[in-house]
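Source file upload-v7.txt; content: compact mmCIF, C-alpha atoms.
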```txt
# COMPACT_ATOMS: atom_id res chain seq x y z
CA MET Z 73 -26.24 56.62 37.34
CA PRO Z 74 -28.31 57.95 34.43
CA LEU Z 75 -31.40 55.94 33.48
CA VAL Z 76 -32.31 56.18 29.81
CA PRO Z 77 -35.77 55.19 28.54
CA ALA Z 78 -35.48 52.19 26.24
CA ALA Z 79 -37.26 53.95 23.37
CA GLU Z 80 -34.87 56.90 23.59
CA LEU Z 81 -31.84 54.62 23.72
CA THR Z 82 -33.09 52.66 20.71
CA ALA Z 83 -33.74 55.81 18.68
CA THR Z 84 -30.26 57.09 19.48
CA ALA Z 85 -28.57 53.84 18.48
CA ARG Z 86 -30.55 53.69 15.24
CA ARG Z 87 -29.46 57.24 14.36
CA VAL Z 88 -25.83 56.32 14.94
CA PHE Z 89 -25.88 53.23 12.73
CA ALA Z 90 -27.83 55.02 10.01
CA ALA Z 91 -25.24 57.80 10.06
CA ALA Z 92 -22.53 55.15 9.79
CA GLY Z 93 -24.05 54.03 6.48
CA SER Z 94 -26.46 51.25 7.40
CA ALA Z 95 -29.76 51.08 5.57
CA GLU Z 96 -32.77 51.82 7.77
CA ALA Z 97 -33.69 48.14 8.26
CA GLU Z 98 -30.12 47.21 9.15
CA ALA Z 99 -29.74 50.12 11.58
CA GLU Z 100 -32.94 48.99 13.31
CA ILE Z 101 -31.83 45.37 13.67
CA VAL Z 102 -28.38 46.20 15.04
CA ALA Z 103 -29.63 48.94 17.38
CA ASP Z 104 -32.57 46.88 18.63
CA HIS Z 105 -30.27 43.92 19.31
CA LEU Z 106 -27.89 46.04 21.41
CA VAL Z 107 -30.67 47.71 23.40
CA GLU Z 108 -32.36 44.35 23.97
CA ALA Z 109 -29.08 43.13 25.52
CA ASN Z 110 -29.17 46.13 27.87
CA LEU Z 111 -32.80 45.49 28.72
CA LYS Z 112 -32.04 41.89 29.64
CA GLY Z 113 -29.20 42.93 31.93
CA HIS Z 114 -26.32 42.06 29.58
CA ASP Z 115 -24.83 45.56 29.49
CA SER Z 116 -21.55 44.03 28.32
CA HIS Z 117 -23.23 43.35 24.95
CA GLY Z 118 -25.38 46.47 24.79
CA VAL Z 119 -24.95 49.99 23.45
CA GLY Z 120 -21.57 50.25 25.14
CA MET Z 121 -20.26 48.28 22.14
CA ILE Z 122 -21.06 51.14 19.74
CA PRO Z 123 -17.67 52.92 20.00
CA SER Z 124 -15.71 49.75 19.21
CA TYR Z 125 -18.09 48.88 16.38
CA LEU Z 126 -17.52 52.27 14.78
CA ARG Z 127 -13.75 51.95 15.21
CA ASN Z 128 -13.87 48.59 13.45
CA LEU Z 129 -16.01 50.08 10.68
CA GLY Z 130 -13.60 52.98 10.22
CA GLY Z 131 -10.68 50.55 10.11
CA GLY Z 132 -12.29 48.44 7.39
CA LYS Z 133 -12.86 45.50 9.74
CA ALA Z 134 -16.65 45.66 9.52
CA VAL Z 135 -18.90 46.30 6.51
CA VAL Z 136 -22.35 47.91 6.45
CA ASN Z 137 -25.25 46.50 4.43
CA GLN Z 138 -23.55 43.13 4.06
CA PRO Z 139 -25.99 40.25 4.64
CA GLY Z 140 -23.47 37.43 4.21
CA ARG Z 141 -24.18 34.37 2.08
CA ALA Z 142 -24.25 30.60 2.09
CA VAL Z 143 -21.03 29.42 0.45
CA SER Z 144 -21.79 25.72 0.87
CA ASP Z 145 -25.27 24.16 0.95
CA SER Z 146 -25.83 20.44 1.42
CA GLY Z 147 -29.44 20.76 2.46
CA SER Z 148 -29.30 20.32 6.21
CA ILE Z 149 -25.63 21.31 6.46
CA LEU Z 150 -24.61 24.83 5.49
CA VAL Z 151 -21.59 27.11 5.66
CA TYR Z 152 -22.50 30.79 5.95
CA ASP Z 153 -19.84 33.44 5.34
CA GLY Z 154 -20.56 36.70 7.15
CA GLU Z 155 -18.22 38.61 4.81
CA ARG Z 156 -17.45 41.04 7.69
CA GLY Z 157 -21.05 42.25 7.90
CA TRP Z 158 -22.45 43.42 11.23
CA GLY Z 159 -22.68 40.25 13.29
CA GLN Z 160 -26.24 40.97 14.34
CA ILE Z 161 -27.24 40.88 10.67
CA VAL Z 162 -25.30 37.89 9.39
CA ALA Z 163 -25.90 35.71 12.48
CA ARG Z 164 -29.61 36.52 12.27
CA ASN Z 165 -29.67 35.54 8.60
CA ALA Z 166 -27.76 32.32 9.30
CA THR Z 167 -30.15 31.47 12.15
CA GLN Z 168 -33.22 32.07 9.99
CA LEU Z 169 -31.75 29.75 7.39
CA GLY Z 170 -31.07 27.15 10.08
CA ILE Z 171 -34.68 27.38 11.29
CA GLU Z 172 -36.01 26.90 7.76
CA ARG Z 173 -33.83 23.86 7.12
CA ALA Z 174 -34.57 22.27 10.50
CA ARG Z 175 -38.28 22.56 9.80
CA SER Z 176 -37.88 20.87 6.42
CA ALA Z 177 -35.16 18.33 7.19
CA GLY Z 178 -35.59 17.82 10.94
CA VAL Z 179 -32.12 19.07 11.77
CA ALA Z 180 -29.76 21.76 10.48
CA VAL Z 181 -26.08 22.34 11.12
CA VAL Z 182 -24.89 25.84 10.24
CA ALA Z 183 -21.25 26.93 10.31
CA LEU Z 184 -21.01 30.72 10.53
CA ARG Z 185 -17.60 32.19 9.76
CA ASN Z 186 -16.04 35.61 9.15
CA ALA Z 187 -18.71 37.53 11.08
CA HIS Z 188 -18.14 40.75 12.97
CA HIS Z 189 -19.18 40.60 16.65
CA ILE Z 190 -22.54 38.79 16.73
CA GLY Z 191 -23.59 40.25 20.10
CA ARG Z 192 -25.69 38.42 22.67
CA VAL Z 193 -25.80 34.81 21.52
CA GLY Z 194 -29.04 34.21 23.42
CA THR Z 195 -30.82 36.24 20.74
CA TYR Z 196 -30.33 33.43 18.25
CA GLY Z 197 -31.40 30.78 20.74
CA GLU Z 198 -34.55 32.80 21.39
CA MET Z 199 -35.29 32.85 17.66
CA CYS Z 200 -35.05 29.07 17.49
CA ALA Z 201 -37.10 28.48 20.65
CA ALA Z 202 -39.82 30.84 19.37
CA ALA Z 203 -40.01 28.62 16.28
CA GLY Z 204 -40.59 25.58 18.52
CA LEU Z 205 -37.08 24.24 17.94
CA VAL Z 206 -34.13 23.15 20.06
CA SER Z 207 -30.75 24.76 19.35
CA LEU Z 208 -27.13 24.64 20.42
CA HIS Z 209 -24.72 27.49 19.68
CA PHE Z 210 -20.95 27.35 20.19
CA VAL Z 211 -18.99 30.57 19.61
CA ASN Z 212 -15.33 31.60 19.56
CA ILE Z 213 -13.49 34.89 19.07
CA THR Z 214 -10.42 35.88 17.04
CA ASP Z 215 -8.77 39.05 15.71
CA GLN Z 216 -8.19 40.57 19.11
CA ARG Z 217 -5.92 39.94 22.05
CA PRO Z 218 -6.84 36.76 23.95
CA ALA Z 219 -8.66 37.42 27.21
CA VAL Z 220 -9.04 34.11 29.06
CA ALA Z 221 -6.45 31.88 30.69
CA PRO Z 222 -6.64 28.10 30.36
CA TRP Z 223 -7.01 26.03 33.51
CA ARG Z 224 -3.59 25.90 35.23
CA GLY Z 225 -2.35 28.68 32.91
CA GLY Z 226 -1.02 32.09 33.87
CA ASP Z 227 -1.80 34.14 30.77
CA ALA Z 228 -4.63 34.54 28.25
CA ARG Z 229 -4.86 32.09 25.35
CA PHE Z 230 -8.44 32.35 24.00
CA GLY Z 231 -11.59 34.46 24.14
CA THR Z 232 -14.65 34.34 26.38
CA ASN Z 233 -16.14 31.70 24.04
CA PRO Z 234 -19.86 31.76 24.85
CA LEU Z 235 -22.32 28.94 24.37
CA CYS Z 236 -26.09 28.89 24.28
CA ILE Z 237 -28.60 26.06 24.52
CA ALA Z 238 -32.25 26.93 23.91
CA LEU Z 239 -35.60 25.16 23.75
CA PRO Z 240 -39.28 25.94 24.23
CA GLY Z 241 -40.23 26.54 27.85
CA PRO Z 242 -43.22 25.93 30.10
CA ALA Z 243 -45.07 28.86 28.51
CA PRO Z 244 -44.82 30.50 25.07
CA ASP Z 245 -43.31 33.66 26.59
CA ARG Z 246 -40.94 31.71 28.85
CA PRO Z 247 -38.43 29.81 26.68
CA ILE Z 248 -35.52 28.03 28.32
CA ILE Z 249 -32.38 29.96 27.34
CA ALA Z 250 -29.02 29.01 28.82
CA ASP Z 251 -26.63 31.67 27.47
CA MET Z 252 -23.24 32.16 29.06
CA ALA Z 253 -19.63 33.04 28.54
CA THR Z 254 -17.25 30.26 29.53
CA SER Z 255 -15.15 32.84 31.37
CA ARG Z 256 -16.35 33.78 34.86
CA ILE Z 257 -17.67 37.02 33.40
CA ALA Z 258 -17.87 38.41 29.86
CA MET Z 259 -15.09 40.76 28.78
CA GLY Z 260 -17.72 43.46 28.32
CA LYS Z 261 -18.52 43.26 32.03
CA VAL Z 262 -14.88 44.11 32.73
CA ARG Z 263 -15.32 47.17 30.49
CA VAL Z 264 -18.46 48.15 32.38
CA ALA Z 265 -16.66 47.81 35.75
CA ARG Z 266 -13.74 49.88 34.48
CA ASN Z 267 -16.07 52.61 33.24
CA LYS Z 268 -17.89 52.66 36.59
CA GLY Z 269 -14.64 52.74 38.54
CA GLU Z 270 -15.51 49.46 40.26
CA GLN Z 271 -13.42 46.43 41.19
CA ILE Z 272 -13.99 42.90 39.88
CA ALA Z 273 -14.95 40.10 42.27
CA PRO Z 274 -12.02 38.09 43.64
CA GLY Z 275 -11.22 34.89 41.80
CA THR Z 276 -12.06 36.36 38.40
CA LEU Z 277 -8.89 38.04 37.08
CA LEU Z 278 -5.14 37.49 36.84
CA ASP Z 279 -2.68 40.35 36.36
CA ASP Z 280 0.10 40.31 33.76
CA GLN Z 281 2.25 38.27 36.13
CA GLY Z 282 -0.41 35.59 36.52
CA LYS Z 283 -1.33 36.73 40.03
CA PRO Z 284 -4.91 37.19 41.28
CA THR Z 285 -6.26 40.75 41.12
CA THR Z 286 -9.56 42.64 41.30
CA ASP Z 287 -8.43 45.57 39.10
CA PRO Z 288 -10.25 45.64 35.72
CA GLN Z 289 -7.51 47.89 34.30
CA VAL Z 290 -5.22 44.85 33.88
CA MET Z 291 -7.27 43.92 30.82
CA TYR Z 292 -6.49 47.27 29.15
CA ARG Z 293 -2.71 47.28 29.52
CA ARG Z 294 0.18 45.71 27.72
CA PRO Z 295 1.09 43.05 28.66
CA ARG Z 296 -2.48 42.10 29.40
CA GLY Z 297 -4.00 40.24 32.32
CA ALA Z 298 -6.48 37.39 31.95
CA LEU Z 299 -9.94 36.28 32.95
CA LEU Z 300 -10.43 32.88 34.52
CA THR Z 301 -12.93 30.31 33.27
CA PHE Z 302 -15.97 29.51 35.36
CA GLY Z 303 -16.06 26.16 37.11
CA GLU Z 304 -12.29 25.74 37.04
CA HIS Z 305 -11.37 22.76 34.82
CA LYS Z 306 -14.99 22.18 33.74
CA GLY Z 307 -15.46 25.69 32.37
CA TYR Z 308 -12.07 25.44 30.73
CA ALA Z 309 -13.12 22.22 28.99
CA LEU Z 310 -16.23 23.96 27.61
CA ALA Z 311 -14.17 26.97 26.47
CA PHE Z 312 -11.73 24.62 24.74
CA ILE Z 313 -14.59 22.79 23.00
CA CYS Z 314 -16.16 26.09 21.86
CA GLU Z 315 -12.80 27.12 20.38
CA MET Z 316 -12.57 23.90 18.41
CA LEU Z 317 -16.20 23.66 17.27
CA ALA Z 318 -16.66 27.35 16.40
CA GLY Z 319 -13.14 27.98 15.13
CA ALA Z 320 -11.73 24.78 13.65
CA VAL Z 321 -14.90 22.93 12.60
CA THR Z 322 -16.57 25.96 10.98
CA GLY Z 323 -13.46 27.15 9.15
CA SER Z 324 -13.66 30.52 10.91
CA GLY Z 325 -10.26 30.05 12.55
CA THR Z 326 -8.99 29.63 16.09
CA MET Z 327 -7.18 32.08 18.36
CA ARG Z 328 -3.73 31.15 17.08
CA PRO Z 329 -1.05 33.84 17.57
CA GLU Z 330 -1.36 35.04 13.97
CA ARG Z 331 -5.08 35.77 14.54
CA GLN Z 332 -4.55 37.96 17.60
CA ASP Z 333 -4.12 41.64 18.29
CA ALA Z 334 -6.04 43.02 15.30
CA GLU Z 335 -8.08 45.30 17.62
CA SER Z 336 -11.22 43.94 16.01
CA VAL Z 337 -13.40 40.90 16.60
CA THR Z 338 -14.39 37.97 14.45
CA ASN Z 339 -16.90 35.43 15.69
CA GLY Z 340 -17.30 31.90 14.46
CA MET Z 341 -20.40 29.98 15.47
CA LEU Z 342 -21.40 26.36 15.06
CA MET Z 343 -25.18 26.17 15.33
CA ILE Z 344 -27.21 22.96 15.53
CA VAL Z 345 -30.99 23.35 15.20
CA ILE Z 346 -33.31 20.40 15.86
CA ASP Z 347 -37.03 19.96 15.26
CA PRO Z 348 -38.01 17.97 18.37
CA THR Z 349 -41.28 16.81 16.79
CA ARG Z 350 -39.16 14.42 14.72
CA LEU Z 351 -38.21 12.76 18.01
CA VAL Z 352 -41.25 13.03 20.26
CA ASP Z 353 -44.90 14.07 20.27
CA ARG Z 354 -44.93 17.82 20.78
CA ALA Z 355 -47.84 17.88 23.25
CA TRP Z 356 -46.17 15.21 25.39
CA MET Z 357 -42.84 17.05 25.31
CA MET Z 358 -44.39 20.38 26.28
CA ASP Z 359 -46.24 18.71 29.17
CA GLU Z 360 -42.97 17.19 30.38
CA ILE Z 361 -41.17 20.55 30.15
CA ALA Z 362 -43.92 22.36 32.04
CA ALA Z 363 -44.24 19.70 34.73
CA MET Z 364 -40.51 19.41 35.36
CA ALA Z 365 -40.01 23.17 35.36
CA ALA Z 366 -42.82 23.51 37.91
CA TYR Z 367 -41.31 20.77 40.07
CA ILE Z 368 -37.84 22.32 40.02
CA THR Z 369 -38.97 25.86 40.74
CA ALA Z 370 -41.15 24.67 43.65
CA SER Z 371 -37.99 23.87 45.61
CA PRO Z 372 -37.97 25.93 48.85
CA PRO Z 373 -35.72 28.98 48.40
CA SER Z 374 -32.41 28.72 50.25
CA ARG Z 375 -32.59 32.51 50.69
CA SER Z 376 -35.76 34.39 51.48
CA GLY Z 377 -37.11 36.31 48.51
CA GLU Z 378 -34.93 34.45 45.98
CA PRO Z 379 -37.10 31.76 44.37
CA VAL Z 380 -35.70 29.08 42.08
CA LEU Z 381 -35.76 30.24 38.45
CA ILE Z 382 -35.38 28.57 35.06
CA PRO Z 383 -32.70 29.69 32.59
CA GLY Z 384 -33.98 32.85 30.90
CA ASP Z 385 -36.05 34.08 33.87
CA PRO Z 386 -33.43 36.58 35.12
CA GLU Z 387 -33.28 38.24 31.70
CA ARG Z 388 -37.07 38.49 31.53
CA ALA Z 389 -37.21 40.06 34.99
CA ASN Z 390 -34.50 42.57 34.07
CA ARG Z 391 -36.31 43.45 30.88
CA ALA Z 392 -39.57 44.20 32.66
CA GLN Z 393 -37.82 46.37 35.25
CA ARG Z 394 -35.74 48.31 32.75
CA LEU Z 395 -38.65 48.89 30.41
CA ARG Z 396 -40.42 50.42 33.40
CA ASP Z 397 -37.56 52.36 35.01
CA GLY Z 398 -35.08 52.94 32.18
CA VAL Z 399 -31.73 51.44 31.21
CA PRO Z 400 -28.77 52.35 33.46
CA ILE Z 401 -25.86 53.73 31.43
CA ASP Z 402 -22.81 54.89 33.37
CA GLU Z 403 -21.41 58.33 32.60
CA GLU Z 404 -18.19 57.07 31.01
CA THR Z 405 -19.99 54.70 28.65
CA TRP Z 406 -22.38 57.49 27.65
CA ARG Z 407 -19.44 59.83 27.06
CA GLU Z 408 -17.72 57.25 24.84
CA ILE Z 409 -20.90 56.77 22.80
CA ALA Z 410 -21.37 60.54 22.43
CA VAL Z 411 -17.76 61.01 21.26
CA ALA Z 412 -18.09 58.21 18.71
CA ALA Z 413 -21.41 59.65 17.48
CA ARG Z 414 -19.92 63.13 17.06
CA GLY Z 415 -17.48 61.62 14.59
CA LEU Z 416 -20.54 60.90 12.44
CA ASN Z 417 -22.04 64.34 13.05
CA VAL Z 418 -24.67 62.84 15.36
CA LEU Z 419 -25.18 64.87 18.52
CA ILE Z 420 -26.35 63.00 21.60
CA GLU Z 421 -27.64 64.86 24.60
CA ALA Z 422 -26.76 63.68 28.08
CA PRO Z 423 -29.59 61.82 29.81
CA ASN Z 424 -31.31 63.81 32.54
CA LYS Z 425 -32.91 61.06 34.61
CA SER Z 426 -30.81 59.50 37.36
CA ALA Z 427 -31.14 56.51 39.63
```
Could you show the structure in this file as structure tokens?
Amino acid sequence: MPLVPAAELTATARRVFAAAGSAEAEAEIVADHLVEANLKGHDSHGVGMIPSYLRNLGGGKAVVNQPGRAVSDSGSILVYDGERGWGQIVARNATQLGIERARSAGVAVVALRNAHHIGRVGTYGEMCAAAGLVSLHFVNITDQRPAVAPWRGGDARFGTNPLCIALPGPAPDRPIIADMATSRIAMGKVRVARNKGEQIAPGTLLDDQGKPTTDPQVMYRRPRGALLTFGEHKGYALAFICEMLAGAVTGSGTMRPERQDAESVTNGMLMIVIDPTRLVDRAWMMDEIAAMAAYITASPPSRSGEPVLIPGDPERANRAQRLRDGVPIDEETWREIAVAARGLNVLIEAPNKSA
């Protein structure tokens, strides 16, 4: 599989978004966000999203150079309308506003609605943790075919509905970031497996008849198959809660039948940002976090060479490795990106370094 240096991948993605009409600063933010997802091992939310983003832009379902705006402001409670701007832009702006208000008021609740795909949700948790804050992020998805079956169900009824909980970690460069889809895997990981010609692990997918399968192609047919939630009924409960908090409570909308099959993506996000110094002495809290993290990770490994980690450690390890060795991009994903870029008169050369 080709390995692309991160700097080269970033430059390519920036060229594509600039050619699509984004101002230089916007192209940098969106491209950097996608490449950072690749670096941290979340290829499902990386540059492989570029072709679908450009299709949405061409179909009028995404808007360049649109920062979004606060449409309701009660001080510590805000509603932020993305106005179909790139999700990486509008979610970033909403998060920055949440950080500012949490610092001044102690807590901020931000309802983000009408945003194009916001990408890796952990990015926004990392922003809050870097500011010394605690944050919770609940996300849902509409304007596309549902992808995930409810517990005991045989067809898809909602999206992968990720959630993220973030807080400062035992070291400044080691925040605690729990970022996960409530499905067993993200839909983008199904796309990656399809492009690689690989099968999906058993217990992850249902076909269009509601029967277990390992074939990722079932998610790209009509009628469509379905992903299962992680943790059986527990993961389903979290997915259900994300749908309600991010869709109904924010005003962004839930995955009702009339909000399906638009071949686009709209994310709603309910974000709660807390300044923990309003609750506890910061030095004491940080000592507790460091001590407990050290205690947990000192547990003897159940498998040799696989030490206990804290949430966020796997992404940091992936990032270090991929910065050193390059980002793996399968041939089909690279071909799709190159085809989409050619539509903007951007020529992308095939990578020449292989794993």
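Ranking Z:Arg375, Z:Arg192, Z:Lys133, Z:Lys261 by their shortest atom-to-atom distance to Ile249 of chain Z, with only C-alpha atoms included, puts Z:Arg192 first.
The neighbours of Ala219 of chain Z here are the residues that come within 9 Å of it, using only C-alpha atoms and leaving out any residue fewer than 3 positions away in the same chain; they are Z:Gln216, Z:Asp227, Z:Ala228, Z:Arg229, Z:Phe230, Z:Gly231, Z:Thr232, Z:Ser255, Z:Met259, Z:Met291, Z:Arg296, Z:Gly297, Z:Ala298, Z:Leu299, Z:Leu300.
Going from atom CA of Pro247 of chain Z to atom CA of Leu381 of chain Z covers 12.1 Å.
Residues surrounding Ala99 of chain Z within 9 Å are Ala85, Arg86, Arg87, Val88, Phe89, Ala90, Ala92, Gly93, Ser94, Ala95, Glu96, Ala97, Ile101, Val102, Ala103 and Asp104 of chain Z [only C-alpha atoms; sequence separation below 2 positions excluded].
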Practice task
Tell me which protein, DNA and RNA residues are within 10 Å of His105 of chain Z, counting only C-alpha atoms, leaving out same-chain ones fewer than 3 positions away, and put them as a count of residues only.
Solution key: 18
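Near segment 386-396 of chain Z, within a cut-off of 6 Å and counting only C-alpha atoms, sit the residues Leu111, Lys112, Gly113 and Val399 of chain Z, with same-chain residues fewer than 3 positions away left out.
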May I have a table of the residues of segment 101-138 of chain Z lying at most 9 Å from segment 324-341 of chain Z, giving each one's closest pair of atoms and their distance in Å to one decimal, counting all atoms listed in the file, ordered by chain and ascending residue number, as JSON lines?
```
{"residue": "Z:Ser124", "atom": "CA", "partner": "Z:Ser336", "partner_atom": "CA", "distance": 8.0}
{"residue": "Z:Tyr125", "atom": "CA", "partner": "Z:Ser336", "partner_atom": "CA", "distance": 8.5}
{"residue": "Z:Arg127", "atom": "CA", "partner": "Z:Ser336", "partner_atom": "CA", "distance": 8.4}
{"residue": "Z:Asn128", "atom": "CA", "partner": "Z:Ser336", "partner_atom": "CA", "distance": 5.9}
{"residue": "Z:Gly131", "atom": "CA", "partner": "Z:Ser336", "partner_atom": "CA", "distance": 8.9}
{"residue": "Z:Lys133", "atom": "CA", "partner": "Z:Ser336", "partner_atom": "CA", "distance": 6.7}
{"residue": "Z:Ala134", "atom": "CA", "partner": "Z:Ser336", "partner_atom": "CA", "distance": 8.6}
```
Exercise for the section: Determine, counting only C-alpha atoms, which protein, DNA and RNA residues have an atom within 8 Å of an atom of segment 144-158 of chain Z; residues of the same chain fewer than 3 positions away are not included. Present the result as a count of residues only. Expected result: 30
Completion step: segment 222-245 of chain Z with N, CA and C atoms as a compact mmCIF listing (two decimals), in the frame of the given file:
```
# COMPACT_ATOMS: atom_id res chain seq x y z
N PRO Z 222 -6.24 29.49 30.22
CA PRO Z 222 -6.64 28.10 30.36
C PRO Z 222 -6.46 27.64 31.81
N TRP Z 223 -7.17 26.60 32.18
CA TRP Z 223 -7.01 26.03 33.51
C TRP Z 223 -5.54 25.65 33.73
N ARG Z 224 -4.99 26.07 34.84
CA ARG Z 224 -3.59 25.90 35.23
C ARG Z 224 -2.66 26.87 34.51
N GLY Z 225 -3.19 27.74 33.64
CA GLY Z 225 -2.35 28.68 32.91
C GLY Z 225 -2.26 30.03 33.60
N GLY Z 226 -1.24 30.80 33.24
CA GLY Z 226 -1.02 32.09 33.87
C GLY Z 226 -1.18 33.27 32.95
N ASP Z 227 -1.54 33.03 31.67
CA ASP Z 227 -1.80 34.14 30.77
C ASP Z 227 -2.96 33.77 29.84
N ALA Z 228 -3.45 34.75 29.10
CA ALA Z 228 -4.63 34.54 28.25
C ALA Z 228 -4.25 33.81 26.97
N ARG Z 229 -5.11 32.87 26.55
CA ARG Z 229 -4.86 32.09 25.35
C ARG Z 229 -6.07 32.00 24.42
N PHE Z 230 -7.26 32.36 24.87
CA PHE Z 230 -8.44 32.35 24.00
C PHE Z 230 -9.44 33.38 24.50
N GLY Z 231 -10.58 33.48 23.79
CA GLY Z 231 -11.59 34.46 24.14
C GLY Z 231 -12.59 33.94 25.16
N THR Z 232 -13.65 34.71 25.37
CA THR Z 232 -14.65 34.34 26.38
C THR Z 232 -15.58 33.23 25.89
N ASN Z 233 -15.53 32.90 24.63
CA ASN Z 233 -16.14 31.70 24.04
C ASN Z 233 -17.49 31.30 24.63
N PRO Z 234 -18.55 32.07 24.29
CA PRO Z 234 -19.86 31.76 24.85
C PRO Z 234 -20.52 30.56 24.20
N LEU Z 235 -21.47 29.98 24.93
CA LEU Z 235 -22.32 28.94 24.37
C LEU Z 235 -23.75 29.20 24.80
N CYS Z 236 -24.67 28.72 23.99
CA CYS Z 236 -26.09 28.89 24.28
C CYS Z 236 -26.82 27.61 23.92
N ILE Z 237 -27.71 27.18 24.80
CA ILE Z 237 -28.60 26.06 24.52
C ILE Z 237 -30.02 26.56 24.78
N ALA Z 238 -30.91 26.36 23.82
CA ALA Z 238 -32.25 26.93 23.91
C ALA Z 238 -33.30 25.90 23.49
N LEU Z 239 -34.47 26.00 24.12
CA LEU Z 239 -35.60 25.16 23.75
C LEU Z 239 -36.88 25.80 24.26
N PRO Z 240 -38.03 25.38 23.73
CA PRO Z 240 -39.28 25.94 24.23
C PRO Z 240 -39.42 25.71 25.73
N GLY Z 241 -40.08 26.64 26.40
CA GLY Z 241 -40.23 26.54 27.85
C GLY Z 241 -41.63 26.18 28.28
N PRO Z 242 -41.91 26.32 29.56
CA PRO Z 242 -43.22 25.93 30.10
C PRO Z 242 -44.36 26.83 29.67
N ALA Z 243 -44.05 27.96 29.06
CA ALA Z 243 -45.07 28.86 28.51
C ALA Z 243 -44.48 29.51 27.26
N PRO Z 244 -45.34 29.93 26.32
CA PRO Z 244 -44.82 30.50 25.07
C PRO Z 244 -43.88 31.68 25.28
N ASP Z 245 -44.15 32.49 26.33
CA ASP Z 245 -43.31 33.66 26.59
C ASP Z 245 -42.22 33.37 27.61
```
